[in-house]
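Undergrad: You'll find query.txt just under this line, and it carries compact mmCIF, C-alpha atoms.
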```
# COMPACT_ATOMS: atom_id res chain seq x y z
CA MET A 1 -14.29 -0.91 0.06
CA CYS A 2 -14.26 -4.44 -1.44
CA ARG A 3 -16.32 -5.86 1.41
CA ARG A 4 -18.82 -3.04 1.34
CA ASN A 5 -19.38 -3.62 -2.39
CA GLY A 6 -19.28 -7.44 -2.15
CA LEU A 7 -16.17 -7.71 -4.32
CA GLU A 8 -13.90 -9.74 -2.03
CA THR A 9 -14.60 -13.04 -3.80
CA ARG A 10 -14.49 -11.59 -7.30
CA ARG A 11 -11.16 -9.87 -6.61
CA ARG A 12 -9.86 -12.93 -4.73
CA CYS A 13 -8.76 -11.07 -1.61
CA GLY A 14 -5.95 -12.75 0.36
CA TRP A 15 -7.71 -12.42 3.69
CA LEU A 16 -10.62 -14.70 2.76
CA PRO A 17 -11.07 -17.48 5.38
CA ASN A 18 -9.95 -20.30 3.06
CA GLY A 19 -7.47 -18.16 1.17
CA PRO A 20 -8.05 -16.67 -2.24
CA PRO A 21 -9.18 -18.99 -5.03
CA SER A 22 -6.28 -19.39 -7.43
CA GLY A 23 -6.34 -18.76 -11.15
CA GLY A 24 -8.67 -16.62 -13.14
CA PRO A 25 -8.12 -13.35 -14.92
CA PRO A 26 -5.81 -10.70 -13.43
CA VAL A 27 -7.40 -8.33 -10.94
CA TRP A 28 -4.43 -5.91 -10.89
CA ALA A 29 -1.84 -5.01 -13.50
CA ARG A 30 0.90 -2.42 -13.89
CA LYS A 31 3.35 -2.44 -16.81
CA GLU A 32 4.78 -5.99 -16.97
CA VAL A 33 3.39 -7.13 -13.60
CA SER A 34 -0.04 -8.62 -13.00
CA LEU A 35 -1.64 -10.37 -10.02
CA ASP A 36 -4.54 -12.76 -9.82
CA THR A 37 -5.34 -11.65 -6.25
CA CYS A 38 -5.94 -8.21 -4.81
CA PRO A 39 -2.60 -6.68 -3.67
CA LYS A 40 -4.26 -4.61 -0.94
CA SER A 41 -4.93 -7.73 1.10
CA TYR A 42 -1.21 -8.40 1.53
CA ILE A 43 -0.09 -5.33 3.44
CA SER A 44 2.20 -6.65 6.14
CA ALA A 45 2.18 -5.59 9.76
CA GLU A 46 5.68 -4.17 9.22
CA SER A 47 4.41 -2.01 6.36
CA GLU A 48 1.59 -0.70 8.51
CA VAL A 49 4.04 0.14 11.31
CA LEU A 50 6.31 2.01 8.87
CA VAL A 51 3.40 4.09 7.58
CA GLU A 52 2.25 4.95 11.11
CA GLU A 53 5.80 5.79 12.21
CA PHE A 54 6.29 7.99 9.13
CA LEU A 55 3.10 9.93 9.87
CA VAL A 56 3.94 10.37 13.57
CA ARG A 57 7.52 11.51 12.92
CA ARG A 58 6.35 13.88 10.20
CA ARG A 59 3.70 15.42 12.45
CA LEU A 60 6.19 15.86 15.30
CA GLY A 61 8.49 18.00 13.20
CA GLY A 62 10.68 16.07 10.88
CA ILE A 63 12.55 12.90 10.41
CA PRO A 64 16.25 12.81 11.40
CA LEU A 65 17.64 10.36 8.84
CA ALA A 66 20.74 9.56 10.90
CA GLU A 67 18.53 7.84 13.52
CA LEU A 68 16.74 5.56 11.03
CA THR A 69 17.50 2.13 9.65
CA ALA A 70 18.02 1.70 5.90
CA ARG A 71 14.59 0.06 5.64
CA GLN A 72 12.95 3.00 7.39
CA VAL A 73 14.74 5.52 5.16
CA ASP A 74 13.66 3.64 2.05
CA ALA A 75 10.04 3.46 3.23
CA PHE A 76 9.96 7.11 4.33
CA VAL A 77 11.39 8.33 1.00
CA ILE A 78 8.72 6.38 -0.88
CA LEU A 79 5.97 7.62 1.43
CA GLU A 80 7.14 11.23 1.15
CA LYS A 81 7.18 10.97 -2.65
CA GLU A 82 3.66 9.53 -2.68
CA LEU A 83 2.41 12.18 -0.28
CA VAL A 84 3.81 14.97 -2.48
CA GLY A 85 2.17 13.33 -5.51
CA LEU A 86 -1.19 13.22 -3.73
CA LYS A 87 -0.90 16.90 -2.79
CA HIS A 88 -0.35 17.76 -6.45
CA GLY A 89 -3.37 15.74 -7.59
CA GLN A 90 -1.48 12.77 -8.97
CA GLN A 91 -2.93 9.36 -8.22
CA ASN A 92 -0.76 6.29 -7.88
CA THR A 93 -2.37 3.61 -10.05
CA ARG A 94 -0.41 0.88 -8.24
CA THR A 95 -2.87 1.10 -5.32
CA THR A 96 -6.00 0.89 -7.44
CA ALA A 97 -7.57 -2.54 -7.53
```
If you convert what's in this file into C-alpha cells, what do you get?
TA:
Amino acid sequence: MCRRNGLETRRRCGWLPNGPPSGGPPVWARKEVSLDTCPKSYISAESEVLVEEFLVRRRLGGIPLAELTARQVDAFVILEKELVGLKHGQQNTRTTA
C-alpha cells in the first residue's frame, strides 16, 4: 500500500535500498511506544513462516499443541486471538501505519 501511494520515503520504510533515513517525527505509535520507521517493513521470514503454518494447520483441521514448540504456541495463540478479533469487527491498531 505504501509503494502504491508513494509513501515509502515519507514513512521511512526499512526495505528502502539505502535503508530508512533516521530521525524525524514518529510514523507509528501505540501507548508508550513509538517508531520513526514503518514497523510493517520489519516482518521477519520466521514471522511469515509462522503465519503461513498457522493458516495451513488451521485449515487442515486443528492445531495439536503437544506437537508444537513454545514459540509456535505463542505465535498461534496471538494469531488466533487476532483472527477472532477481526471476525468480530475489531481492528488491531498496532498494524496500522
Undergrad: Calculate how many Å separate CA of Lys81 in chain A from CA of Thr69 in chain A, rounding to one decimal.
TA: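 Those two atoms sit 18.3 Å apart.
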Undergrad: Compile the contact shell of range 48-57 of chain A as number ranges by chain: residues with an atom at most 7 Å away, counting all atoms listed in the file, same-chain residues fewer than 5 positions apart removed.
TA: A: 62-63, 72, 75-76
Undergrad: Separation of CA of Glu46 in chain A and CA of Ile78 in chain A, in Å?
TA: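 Between CA of Glu46 in chain A and CA of Ile78 in chain A the gap is 14.9 Å.
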Undergrad: Between CA of Ser47 in chain A and CA of Val73 in chain A, what distance in Å does the model show, to one decimal?
TA: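 Between CA of Ser47 in chain A and CA of Val73 in chain A the gap works out to 12.8 Å.
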